[in-house]
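Participant: What follows is final32.cif, made up of mmCIF, C-alpha atoms and all ligand atoms:
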data_structure
loop_
_atom_site.label_atom_id
_atom_site.label_comp_id
_atom_site.auth_asym_id
_atom_site.auth_seq_id
_atom_site.Cartn_x
_atom_site.Cartn_y
_atom_site.Cartn_z
CA MET G 1 162.97 120.43 140.91
CA SER G 2 161.36 123.48 142.47
CA ASN G 3 158.48 122.94 140.05
CA LEU G 4 158.08 119.45 141.37
CA ILE G 5 158.08 120.68 144.97
CA ARG G 6 155.56 123.39 144.15
CA GLY G 7 153.43 120.81 142.40
CA LEU G 8 153.58 118.47 145.34
CA ARG G 9 152.77 121.24 147.78
CA GLY G 10 149.77 122.25 145.64
CA LEU G 11 148.60 118.69 145.58
CA ALA G 12 149.00 118.34 149.33
CA LEU G 13 147.06 121.57 149.92
CA ALA G 14 144.30 120.48 147.57
CA MET G 15 144.08 117.16 149.35
CA THR G 16 143.86 118.65 152.84
CA GLY G 17 141.22 121.08 151.53
CA MET G 18 139.26 118.22 150.09
CA ALA G 19 139.62 116.16 153.23
CA GLY G 20 138.45 119.15 155.28
CA SER G 21 135.30 119.80 153.29
CA PHE G 22 134.63 116.09 153.06
CA ALA G 23 134.92 115.76 156.83
CA ALA G 24 132.63 118.77 157.35
CA ARG G 25 130.09 117.33 155.00
CA ALA G 26 130.32 113.95 156.64
CA ALA G 27 129.82 115.49 160.07
CA ASP G 28 126.75 117.35 158.77
CA THR G 29 125.14 114.26 157.50
CA MET G 30 126.50 111.64 159.83
CA GLU G 31 123.18 111.07 161.60
CA SER G 32 121.43 110.35 158.35
CA ALA G 33 123.12 107.11 157.37
CA TYR G 34 125.27 109.07 154.96
CA TRP G 35 127.81 106.33 154.56
CA ASN G 36 125.40 103.52 153.97
CA LEU G 37 122.02 102.57 152.61
CA PRO G 38 119.25 103.73 154.91
CA LYS G 39 117.68 100.90 156.87
CA GLY G 40 114.33 102.35 155.97
CA VAL G 41 110.97 101.92 157.62
CA THR G 42 109.51 98.79 156.08
CA ASP G 43 110.18 95.09 156.65
CA ILE G 44 111.34 94.83 153.06
CA SER G 45 113.72 97.77 153.36
CA ASN G 46 115.22 96.12 156.45
CA GLU G 47 115.66 92.85 154.58
CA VAL G 48 117.27 94.72 151.72
CA TRP G 49 119.60 96.42 154.16
CA HIS G 50 120.64 93.10 155.72
CA LEU G 51 121.22 91.56 152.29
CA HIS G 52 123.35 94.52 151.39
CA MET G 53 125.37 94.19 154.60
CA ALA G 54 125.84 90.43 154.09
CA ALA G 55 127.17 91.00 150.57
CA PHE G 56 129.32 93.82 151.84
CA TRP G 57 131.00 91.70 154.55
CA VAL G 58 131.51 88.81 152.14
CA CYS G 59 133.27 91.27 149.83
CA VAL G 60 135.39 92.57 152.71
CA VAL G 61 136.51 89.07 153.69
CA ILE G 62 137.25 88.11 150.06
CA ALA G 63 139.21 91.32 149.58
CA ILE G 64 141.28 90.68 152.71
CA VAL G 65 142.01 87.07 151.74
CA VAL G 66 142.78 87.75 148.07
CA PHE G 67 144.88 90.85 148.63
CA GLY G 68 146.53 89.16 151.63
CA VAL G 69 147.68 86.22 149.53
CA MET G 70 148.70 88.53 146.73
CA PHE G 71 150.75 90.93 148.83
CA TYR G 72 152.28 88.08 150.83
CA SER G 73 153.34 86.36 147.59
CA ILE G 74 154.74 89.52 146.10
CA PHE G 75 156.75 90.11 149.24
CA ALA G 76 157.82 86.59 150.22
CA HIS G 77 158.61 85.40 146.73
CA ARG G 78 160.28 88.49 145.37
CA ARG G 79 163.10 87.96 142.91
CA SER G 80 165.89 89.04 145.26
CA LYS G 81 164.87 86.15 147.54
CA HIS G 82 164.06 83.57 144.89
CA PRO G 83 166.07 84.29 141.76
CA VAL G 84 165.16 80.88 140.31
CA PRO G 85 161.38 80.51 139.91
CA ALA G 86 159.60 77.31 140.80
CA THR G 87 158.42 75.31 137.80
CA PHE G 88 155.22 73.69 139.06
CA HIS G 89 151.96 74.42 137.35
CA HIS G 90 148.40 73.15 137.38
CA SER G 91 146.83 71.77 140.53
CA THR G 92 143.46 70.09 140.10
CA THR G 93 142.80 70.24 143.82
CA VAL G 94 143.31 73.99 143.95
CA GLU G 95 141.13 74.52 140.89
CA ILE G 96 138.29 72.53 142.40
CA ILE G 97 138.59 74.45 145.67
CA TRP G 98 138.55 77.85 144.03
CA THR G 99 135.53 76.89 141.96
CA ILE G 100 133.54 75.44 144.81
CA ILE G 101 134.13 78.21 147.35
CA PRO G 102 132.78 81.06 145.13
CA PHE G 103 129.91 78.79 144.07
CA VAL G 104 128.92 78.23 147.70
CA ILE G 105 129.25 81.96 148.44
CA LEU G 106 127.04 82.88 145.49
CA ILE G 107 124.36 80.37 146.42
CA GLY G 108 124.56 81.59 150.00
CA LEU G 109 123.83 85.15 148.81
CA ALA G 110 121.32 84.24 146.10
CA VAL G 111 118.96 82.20 148.24
CA PRO G 112 118.02 84.95 150.73
CA ALA G 113 118.08 87.59 147.96
CA ALA G 114 115.63 85.58 145.87
CA GLY G 115 113.36 85.23 148.91
CA THR G 116 113.28 89.01 149.39
CA LEU G 117 112.76 89.64 145.67
CA ILE G 118 109.77 87.32 145.62
CA LYS G 119 108.27 89.20 148.57
CA GLN G 120 108.96 92.54 146.86
CA TYR G 121 107.04 91.42 143.78
CA ASP G 122 104.07 90.05 145.69
CA THR G 123 101.46 92.80 145.44
CA ARG G 124 98.57 90.54 146.43
CA ASN G 125 96.27 91.23 149.39
CA ALA G 126 96.87 94.97 149.39
CA GLU G 127 94.47 96.97 151.51
CA MET G 128 94.50 100.01 149.24
CA THR G 129 95.80 101.08 145.85
CA VAL G 130 97.38 104.34 144.74
CA LYS G 131 97.96 105.04 141.08
CA ILE G 132 101.08 107.08 140.44
CA THR G 133 101.52 108.88 137.14
CA GLY G 134 104.72 110.63 136.12
CA TYR G 135 104.53 113.88 134.17
CA GLN G 136 107.16 116.24 132.90
CA TRP G 137 107.77 117.33 135.72
CA LYS G 138 105.53 116.32 138.53
CA TRP G 139 103.71 113.34 139.99
CA GLN G 140 100.02 112.60 140.17
CA TYR G 141 98.57 110.44 142.94
CA GLU G 142 95.15 108.86 142.58
CA TYR G 143 93.66 107.00 145.53
CA VAL G 144 91.89 104.30 143.54
CA GLY G 145 88.23 103.89 144.48
CA GLU G 146 88.31 106.92 146.78
CA GLY G 147 87.83 109.63 144.20
CA VAL G 148 90.83 111.49 145.57
CA SER G 149 93.52 112.61 143.17
CA PHE G 150 96.05 115.41 143.12
CA PHE G 151 99.32 116.57 141.65
CA SER G 152 102.51 116.86 143.61
CA THR G 153 105.02 119.40 142.37
CA LEU G 154 108.21 120.98 143.63
CA ASP G 155 107.41 123.25 146.59
CA PRO G 156 107.25 126.95 145.65
CA GLU G 157 110.13 127.86 147.97
CA SER G 158 112.59 125.53 146.28
CA ASN G 159 111.18 126.51 142.94
CA ASN G 160 111.77 130.20 143.55
CA ALA G 161 115.27 129.61 144.88
CA ARG G 162 116.29 127.48 141.90
CA GLN G 163 115.55 130.18 139.33
CA LEU G 164 118.55 131.72 137.64
CA HIS G 165 119.65 134.85 139.57
CA SER G 166 116.97 134.25 142.21
CA GLY G 167 119.35 135.66 144.80
CA ILE G 168 118.03 133.10 147.28
CA ASP G 169 120.60 130.93 149.03
CA PRO G 170 119.43 127.32 148.59
CA LYS G 171 120.88 126.52 152.00
CA THR G 172 118.19 128.70 153.56
CA VAL G 173 115.43 126.68 151.94
CA PRO G 174 114.32 123.73 154.09
CA HIS G 175 114.68 120.47 152.14
CA TYR G 176 115.76 122.33 149.04
CA LEU G 177 114.60 120.39 145.95
CA HIS G 178 113.38 117.61 148.24
CA ASN G 179 110.02 119.07 149.12
CA THR G 180 106.68 119.14 147.34
CA ASP G 181 103.48 121.15 147.62
CA ASN G 182 101.31 118.07 148.23
CA TYR G 183 102.58 114.98 149.99
CA LEU G 184 101.61 111.42 149.17
CA VAL G 185 99.79 110.56 152.39
CA LEU G 186 99.73 106.89 153.41
CA PRO G 187 98.62 105.01 156.51
CA VAL G 188 101.20 103.02 158.49
CA GLY G 189 100.72 99.29 158.98
CA LYS G 190 98.67 98.82 155.81
CA LYS G 191 99.79 97.09 152.65
CA VAL G 192 99.57 99.70 149.91
CA ARG G 193 99.76 98.69 146.27
CA PHE G 194 101.05 101.20 143.73
CA LEU G 195 100.21 101.21 140.04
CA LEU G 196 102.90 103.15 138.28
CA THR G 197 102.73 104.67 134.83
CA SER G 198 103.66 107.81 132.94
CA ASN G 199 101.93 110.39 130.82
CA ASP G 200 104.87 111.38 128.64
CA VAL G 201 108.39 109.99 128.97
CA ILE G 202 109.93 107.39 131.29
CA HIS G 203 110.26 108.53 134.88
CA GLY G 204 111.38 106.57 137.94
CA TRP G 205 109.71 106.56 141.35
CA TRP G 206 112.20 106.06 144.15
CA VAL G 207 111.91 106.43 147.91
CA PRO G 208 114.98 104.91 149.58
CA ASP G 209 113.37 104.56 153.03
CA LEU G 210 110.71 102.33 151.51
CA ALA G 211 113.24 100.44 149.36
CA ILE G 212 111.01 101.01 146.34
CA LYS G 213 112.36 102.06 142.97
CA LYS G 214 110.66 101.41 139.68
CA ASP G 215 110.30 102.92 136.23
CA ALA G 216 107.12 104.77 135.26
CA ILE G 217 106.69 103.95 131.58
CA PRO G 218 104.07 105.47 129.27
CA GLY G 219 101.63 102.81 128.07
CA TYR G 220 102.64 100.32 130.76
CA ILE G 221 101.54 99.82 134.32
CA ASN G 222 104.17 98.65 136.77
CA GLU G 223 103.21 97.37 140.17
CA MET G 224 104.93 97.74 143.52
CA TRP G 225 103.89 97.85 147.13
CA THR G 226 104.89 99.01 150.56
CA GLN G 227 103.85 98.64 154.16
CA ILE G 228 105.31 101.40 156.27
CA ASN G 229 106.04 100.67 159.93
CA GLU G 230 106.78 104.13 161.30
CA PRO G 231 104.94 107.42 160.84
CA GLY G 232 107.11 110.13 159.32
CA ILE G 233 108.15 111.99 156.21
CA TYR G 234 110.13 110.07 153.63
CA ARG G 235 111.70 111.76 150.67
CA GLY G 236 112.68 110.53 147.26
CA GLN G 237 113.26 111.55 143.68
CA CYS G 238 112.58 110.80 140.05
CA THR G 239 115.40 108.48 139.00
CA VAL G 240 115.13 108.34 135.24
CA LEU G 241 116.53 111.28 133.31
CA CYS G 242 113.24 112.65 131.99
CA GLY G 243 114.12 116.00 130.48
CA ARG G 244 114.95 119.51 131.53
CA ASP G 245 113.38 119.53 134.97
CA HIS G 246 114.21 115.96 135.94
CA GLY G 247 115.91 117.25 139.08
CA PHE G 248 112.81 119.20 140.10
CA MET G 249 110.16 116.53 140.60
CA PRO G 250 110.86 115.18 144.07
CA ILE G 251 108.68 112.73 145.98
CA VAL G 252 107.52 113.17 149.57
CA VAL G 253 105.64 110.42 151.39
CA HIS G 254 103.89 111.32 154.61
CA ALA G 255 103.09 108.20 156.63
CA MET G 256 100.58 108.68 159.41
CA SER G 257 98.53 106.54 161.77
CA ALA G 258 95.49 104.83 160.28
CA ALA G 259 93.20 107.21 162.18
CA ASP G 260 95.01 110.34 160.98
CA TYR G 261 95.00 108.96 157.47
CA ALA G 262 91.25 108.32 157.59
CA ALA G 263 90.70 111.91 158.77
CA TRP G 264 92.94 113.23 156.02
CA LEU G 265 91.11 111.20 153.38
CA ALA G 266 87.72 112.38 154.61
CA LYS G 267 88.94 115.97 154.40
CA GLN G 268 90.13 115.39 150.83
CA LYS G 269 86.75 114.02 149.86
CA GLY G 270 84.88 116.84 151.55
CA GLY G 271 87.10 119.36 149.82
CA ALA G 272 86.59 117.71 146.46
CA GLU G 273 82.98 118.90 146.26
CA VAL G 274 83.78 122.49 147.13
CA ALA G 275 86.72 122.80 144.78
CA ALA G 276 88.42 119.91 143.10
CA ALA G 277 91.14 122.44 142.53
CA ALA G 278 92.33 122.55 146.11
CA PRO G 279 93.87 119.37 147.44
CA VAL G 280 94.57 120.17 151.05
CA VAL G 281 98.27 120.14 151.74
CA ALA G 282 99.03 117.30 154.05
CA THR G 283 100.77 119.09 156.82
CA ASP G 284 101.49 117.76 160.22
CA ALA G 285 103.16 120.39 162.31
CA ALA G 286 104.71 117.73 164.51
CA VAL G 287 106.48 116.07 161.63
CA ASP G 288 108.51 118.49 159.67
CA ALA G 289 105.77 120.14 157.66
CA PRO G 290 106.38 121.82 154.30
CA VAL G 291 106.41 125.57 154.39
CA ALA G 292 103.26 127.09 153.02
CA PRO G 293 103.69 129.44 150.05
CA ALA G 294 104.47 132.78 151.66
CA ALA G 295 101.78 134.83 150.03
CA ALA G 296 99.02 132.25 150.27
CA GLU G 297 97.15 134.12 152.99
CA ALA G 298 96.73 137.37 151.17
CA ALA G 299 95.46 136.89 147.67
CA PRO G 300 91.91 138.16 147.39
CA VAL G 301 90.50 138.04 143.90
CA GLU G 302 89.89 141.59 142.86
CA VAL G 303 86.68 141.89 140.93
CA ALA G 304 85.44 144.99 139.16
CA ALA G 305 82.23 146.12 140.80
CA SER G 306 80.44 146.42 137.48
CA SER G 307 81.17 142.87 136.41
CA PRO G 308 78.15 140.60 136.38
CA ALA G 309 80.35 137.89 137.83
CA ALA G 310 81.26 140.11 140.73
CA ALA G 311 80.05 137.78 143.44
CA ALA G 312 81.24 134.58 141.83
CA PRO G 313 84.82 133.84 142.84
CA ALA G 314 84.86 132.51 146.36
CA ALA G 315 87.94 132.92 148.50
CA VAL G 316 88.75 129.25 148.12
CA ASP G 317 89.13 129.70 144.34
CA ALA G 318 91.66 132.47 144.79
CA LYS G 319 93.75 130.30 147.06
CA ALA G 320 93.41 127.30 144.80
CA GLY G 321 94.25 129.49 141.82
CA GLU G 322 97.36 130.82 143.47
CA LYS G 323 98.49 127.37 144.49
CA LEU G 324 97.97 126.05 141.00
CA PHE G 325 99.77 129.03 139.55
CA LEU G 326 102.79 128.56 141.83
CA GLY G 327 102.84 124.83 141.14
CA ASN G 328 102.34 124.88 137.39
CA CYS G 329 103.12 128.26 135.92
CA ALA G 330 105.54 130.15 138.17
CA ALA G 331 108.56 128.20 136.93
CA CYS G 332 108.32 130.12 133.67
CA HIS G 333 106.09 133.11 134.41
CA GLN G 334 107.53 133.68 137.94
CA ALA G 335 105.51 133.94 141.12
CA THR G 336 105.04 137.67 140.57
CA GLY G 337 103.86 137.23 136.99
CA ALA G 338 106.86 139.19 135.74
CA GLY G 339 107.99 136.29 133.54
CA LEU G 340 111.51 135.94 132.20
CA PRO G 341 111.34 137.90 128.97
CA PRO G 342 112.01 137.47 126.15
CA THR G 343 111.42 133.70 126.39
CA PHE G 344 108.70 133.63 129.01
CA PRO G 345 106.37 136.61 128.68
CA ALA G 346 105.11 138.54 131.67
CA LEU G 347 101.52 137.81 132.61
CA THR G 348 101.31 141.13 134.41
CA GLY G 349 99.80 143.46 131.85
CA SER G 350 99.72 140.71 129.21
CA LYS G 351 97.41 141.34 126.24
CA VAL G 352 96.41 137.69 126.23
CA VAL G 353 95.37 137.84 129.86
CA ALA G 354 93.48 141.07 129.30
CA GLY G 355 91.95 139.69 126.08
CA PRO G 356 89.09 137.24 125.49
CA ILE G 357 88.94 134.64 128.26
CA ASP G 358 88.23 131.75 125.87
CA ALA G 359 91.48 132.39 124.02
CA GLN G 360 93.45 132.31 127.26
CA ILE G 361 91.77 129.11 128.41
CA THR G 362 92.58 127.52 125.05
CA GLN G 363 96.21 128.57 125.31
CA VAL G 364 96.54 127.04 128.76
CA LEU G 365 94.76 123.85 127.62
CA LYS G 366 96.66 123.41 124.37
CA GLY G 367 99.92 125.21 125.00
CA LYS G 368 101.66 127.48 122.53
CA ASN G 369 105.21 127.18 121.20
CA ALA G 370 107.46 126.82 124.26
CA MET G 371 104.48 126.76 126.62
CA PRO G 372 103.41 123.17 127.31
CA PRO G 373 99.72 122.17 127.30
CA PHE G 374 98.08 121.80 130.70
CA ALA G 375 95.23 119.53 129.60
CA GLN G 376 96.10 117.14 132.40
CA LEU G 377 94.69 119.62 134.93
CA SER G 378 90.99 119.28 135.69
CA ASP G 379 88.44 121.73 134.28
CA ALA G 380 88.07 123.31 137.72
CA ASP G 381 91.85 123.67 138.08
CA ILE G 382 92.22 125.39 134.73
CA ALA G 383 89.32 127.68 135.51
CA ALA G 384 90.87 128.55 138.87
CA VAL G 385 94.33 129.27 137.51
CA VAL G 386 93.05 131.32 134.56
CA THR G 387 90.82 133.30 136.91
CA TYR G 388 93.80 133.82 139.16
CA THR G 389 95.99 135.24 136.37
CA ARG G 390 93.21 137.60 135.24
CA ASN G 391 92.62 139.07 138.68
CA ASN G 392 96.00 138.89 140.36
CA LEU G 393 99.66 139.44 139.43
CA GLY G 394 98.74 143.10 138.88
CA ASN G 395 95.87 142.28 136.50
CA LYS G 396 92.28 143.41 137.12
CA VAL G 397 90.25 142.02 134.26
CA GLY G 398 87.36 141.29 136.59
CA ASP G 399 85.93 138.15 134.99
CA THR G 400 86.05 134.51 136.01
CA ALA G 401 86.41 131.27 134.12
CA SER G 402 84.10 128.38 134.92
CA ALA G 403 84.76 124.66 134.73
CA GLU G 404 81.94 124.28 132.15
CA GLN G 405 83.62 126.85 129.95
CA VAL G 406 86.89 124.92 130.12
CA LYS G 407 85.09 121.65 129.36
CA LYS G 408 83.65 123.15 126.17
CA LEU G 409 87.04 124.37 125.00
CA ARG G 410 88.92 121.11 125.58
C1 LIG G 501 107.52 125.82 130.49
C2 LIG G 501 107.25 127.21 130.64
C3 LIG G 501 105.83 127.67 130.83
C4 LIG G 501 104.94 127.28 131.79
C5 LIG G 501 105.16 126.25 132.87
C6 LIG G 501 103.76 128.05 131.58
N1 LIG G 501 103.91 128.88 130.52
FE1 LIG G 501 102.58 130.26 129.89
N2 LIG G 501 103.87 130.79 128.40
C7 LIG G 501 105.09 130.24 128.16
C8 LIG G 501 105.62 130.76 126.93
C9 LIG G 501 106.95 130.41 126.30
C10 LIG G 501 104.66 131.66 126.45
C11 LIG G 501 104.71 132.44 125.14
C12 LIG G 501 104.04 131.62 124.10
C13 LIG G 501 104.09 132.30 122.75
O1 LIG G 501 103.31 133.23 122.57
O2 LIG G 501 104.89 131.87 121.93
C14 LIG G 501 103.57 131.67 127.41
C15 LIG G 501 102.47 132.49 127.31
C16 LIG G 501 101.45 132.50 128.23
C17 LIG G 501 100.34 133.42 128.17
C18 LIG G 501 100.19 134.51 127.17
C19 LIG G 501 101.08 135.65 127.59
C20 LIG G 501 101.28 136.67 126.49
O3 LIG G 501 101.16 137.85 126.80
O4 LIG G 501 101.61 136.25 125.36
C21 LIG G 501 99.52 133.12 129.22
C22 LIG G 501 98.23 133.82 129.61
C23 LIG G 501 100.12 132.03 129.92
N3 LIG G 501 101.28 131.69 129.30
C24 LIG G 501 99.58 131.45 131.03
C25 LIG G 501 100.15 130.37 131.67
C26 LIG G 501 99.53 129.68 132.76
C27 LIG G 501 98.18 130.04 133.37
C28 LIG G 501 100.37 128.70 133.11
C29 LIG G 501 100.16 127.65 134.19
C30 LIG G 501 98.99 126.84 134.08
C31 LIG G 501 101.53 128.76 132.26
N4 LIG G 501 101.35 129.78 131.39
C32 LIG G 501 102.62 127.95 132.36
C33 LIG G 501 105.74 129.32 128.95
C34 LIG G 501 105.16 128.68 130.03
CU CU G 502 110.94 112.36 135.91
#
Let me see the file written as structure tokens.
Facilitator:
Amino acid sequence: MSNLIRGLRGLALAMTGMAGSFAARAADTMESAYWNLPKGVTDISNEVWHLHMAAFWVCVVIAIVVFGVMFYSIFAHRRSKHPVPATFHHSTTVEIIWTIIPFVILIGLAVPAAGTLIKQYDTRNAEMTVKITGYQWKWQYEYVGEGVSFFSTLDPESNNARQLHSGIDPKTVPHYLHNTDNYLVLPVGKKVRFLLTSNDVIHGWWVPDLAIKKDAIPGYINEMWTQINEPGIYRGQCTVLCGRDHGFMPIVVHAMSAADYAAWLAKQKGGAEVAAAAPVVATDAAVDAPVAPAAAEAAPVEVAASSPAAAAPAAVDAKAGEKLFLGNCAACHQATGAGLPPTFPALTGSKVVAGPIDAQITQVLKGKNAMPPFAQLSDADIAAVVTYTRNNLGNKVGDTASAEQVKKLR
């Protein structure tokens, strides 16, 4: 008996604890449509929301009616009241009624849903096209016909915090695991078509506020579209389990006015000639910008005075190199270059980094054992990141890789 009481008291305590943390969590997130689908910021997402609510209320009414009849019957016709059961069975009228009512309900839900689905699939008359490619574990965005293309990876802050024994409290990281280094920038009020594919395994591109969710499948191109009504930052995730770092390839869409977008695009194009390696991070201080990598300001490439290439690496390369390193390599080799031995070797003081540059470029291009190949990066990007590792992270080799060199070694 006392065991039972203790058990019950434990259960009660556990339940109040749960209710408490649940309530706290709910209060935290109440503003952000925590209990429901977000209404989103497109006409389609609003339609989807209304469809969802219609189905929800139909379900509520059905539940009330069905459970009402059931509980009433259980109560009113209980055995103590009616020891002798009635003997009727089969009523054609009732059967017709309970066939027709659900039929009408289903048609009533299907007609508007089909209308919205047809609109969702209509990618015609788009004003611009962005090709989205999934990679293990990042996204690539190509502005078709604009010559602008970049990768979008987990922001370095989240990435550092997520490392085992990082000692960083994820709660101190803004938008932990929901932030990227480069945002997908889109204009509001324009119909944007997306072509979605993958480079390796199946990924899924999902941004709830846009009510878009589709699989990115290698060898196939899926289509989808959006037209965003309100400027802002909208976050999403990969939704198909795609391997080890599936949880670390978020999506951030930055919707801005057509004028701001045009300025951003022009900047991207201008930057492309100087260094294809450095897609400018789309920040907009007014709208919740991502935090720049802490050390980005101070990373001069150190070049030995005697090196013939002494004057070569411009400051922009060092920054681009660091950015690429944090985005592509730091997950394994750590932002400091210390690595996580024995699996992931340190790059600080590494013999490979200090050795022939061609061998290092080849290793980055082709991969080696547990290190994946990075052939998807452009020649300039590989050159920048290799140069970065050779002259930073405590290394002072003093030489630089060039895009032509990388091209030859591909
Ligand atoms: C998924 C983890 C991972 C990522 C990401 C990664 N590497 Fe590696 N890297 C490794 C592993 C594992 C090795 C050891 C390979 C071996 O020798 O078996 C290695 C070795 C190296 C070495 C040789 C180090 C030595 O002393 O043996 C260099 C240089 C290097 N990586 C550079 C890079 C660069 C540059 C990037 C980013 C473009 C990068 N790595 C991204 C896992 C990774
Ligand atoms: Cu994925």
Participant: What's the separation between CA of Gly189 in chain G and CA of Gln227 in chain G, in Å to one decimal place?
Facilitator: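 Separation of CA of Gly189 in chain G and CA of Gln227 in chain G: 5.8 Å.
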Participant: Counting all atoms listed in the file, what are the residues, protein, DNA or RNA alike, that approach ligand CU 502 (chain G) to within 6 Å? I want them as a PyMOL selection string.
Facilitator: chain G and resi 137+203+238+240+242+246
Participant: For the selection just defined, write its residues with C-alpha atoms to a file, as a compact mmCIF listing (two decimals), in the frame of the given file.
Facilitator:
# COMPACT_ATOMS: atom_id res chain seq x y z
CA TRP G 137 107.77 117.33 135.72
CA HIS G 203 110.26 108.53 134.88
CA CYS G 238 112.58 110.80 140.05
CA VAL G 240 115.13 108.34 135.24
CA CYS G 242 113.24 112.65 131.99
CA HIS G 246 114.21 115.96 135.94
Participant: List all protein, DNA and RNA residues that have any atom at most 6 Å from ligand LIG 501 (chain G), counting all atoms listed in the file, and write the list as a VMD selection string.
Facilitator: chain G and resid 325 328 to 329 331 to 332 343 to 345 347 350 to 353 360 364 368 to 372 385 to 386
Participant: Mind checking which residues fall within 8 Å of range 93-110 of chain G, counting only C-alpha atoms, ignoring those fewer than 6 positions away in the same chain, and posting them as a ChimeraX atom specification?
Facilitator: /G:51,54-55
Participant: Using only C-alpha atoms, which of the listed residues (G:Gln405, G:Asp209, G:Arg410, G:Ala255) sits closest to Phe374 in chain G?
Facilitator: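 Comparing G:Gln405, G:Asp209, G:Arg410, G:Ala255 against Phe374 in chain G, the winner is G:Arg410.
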Participant: Which one of G:Thr226, G:Asn199, G:Thr389, G:Gln136 sits closest to Gln334 in chain G if you count only C-alpha atoms?
Facilitator: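 Among the listed residues, the smallest separation from Gln334 in chain G belongs to G:Thr389.
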Participant: Kindly provide, as JSON, the centre and edge lengths (Å, one decimal) of an axis-aligned box around all atoms of range 41-51 of chain G given in the file, with 4 Å on each side.
Facilitator:
{"center_x": 115.4, "center_y": 96.7, "center_z": 154.7, "size_x": 19.7, "size_y": 18.4, "size_z": 13.9}
Participant: Let me make sure I understand: among G:Thr348, G:Lys269, G:Ala359, G:Glu157, which one has the smallest atom-to-atom distance to His333 in chain G if we use only C-alpha atoms?
Facilitator: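 The shortest atom-to-atom distance to His333 in chain G comes from G:Thr348.
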Participant: Give me, please, the distance in Å between CA of Glu230 in chain G and CA of Asp43 in chain G, quoted to one decimal.
Facilitator: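 Computing it gives 10.7 Å between the two atoms.
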Participant: With distances taken over only C-alpha atoms, which residue among G:Leu195, G:Cys59, G:Leu340, G:Ala258 lies nearest Ala126 in chain G?
Facilitator: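 With only C-alpha atoms as the atom set, the closest residue is G:Leu195.
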Participant: Go through G:Met249, G:Ala401, G:Val60, G:Ala335 and flag the residue nearest Ile361 in chain G, using only C-alpha atoms for the distances.
Facilitator: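 Under the stated criterion, the closest residue is G:Ala401.
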Participant: Of the candidates G:Ala263, G:Ala63, G:Ala383, G:Met224, which one gets nearest to Gln120 in chain G if we count all atoms listed in the file?
Facilitator: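 So, comparing all the options, the nearest one is G:Met224.
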Participant: Find the residues around Lys171 in chain G up to 12 Å (only C-alpha atoms counted), leave out those fewer than 6 positions away in its own chain, and share them as a list of chain:residue names.
Facilitator: G:Glu157, G:Ser158, G:Ala161, G:Arg162, G:Leu177
Participant: Expressed in Å to a single decimal, how great is the separation between CA of Met70 in chain G and CA of Ser91 in chain G?
Facilitator: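 Between CA of Met70 in chain G and CA of Ser91 in chain G the gap works out to 18.0 Å.
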Participant: Could you name the residues that touch Gly236 in chain G at 6 Å or less, counting only C-alpha atoms, but leaving out those on the same chain fewer than 3 positions away, as a PyMOL selection string?
Facilitator: chain G and resi 206-207+250-251
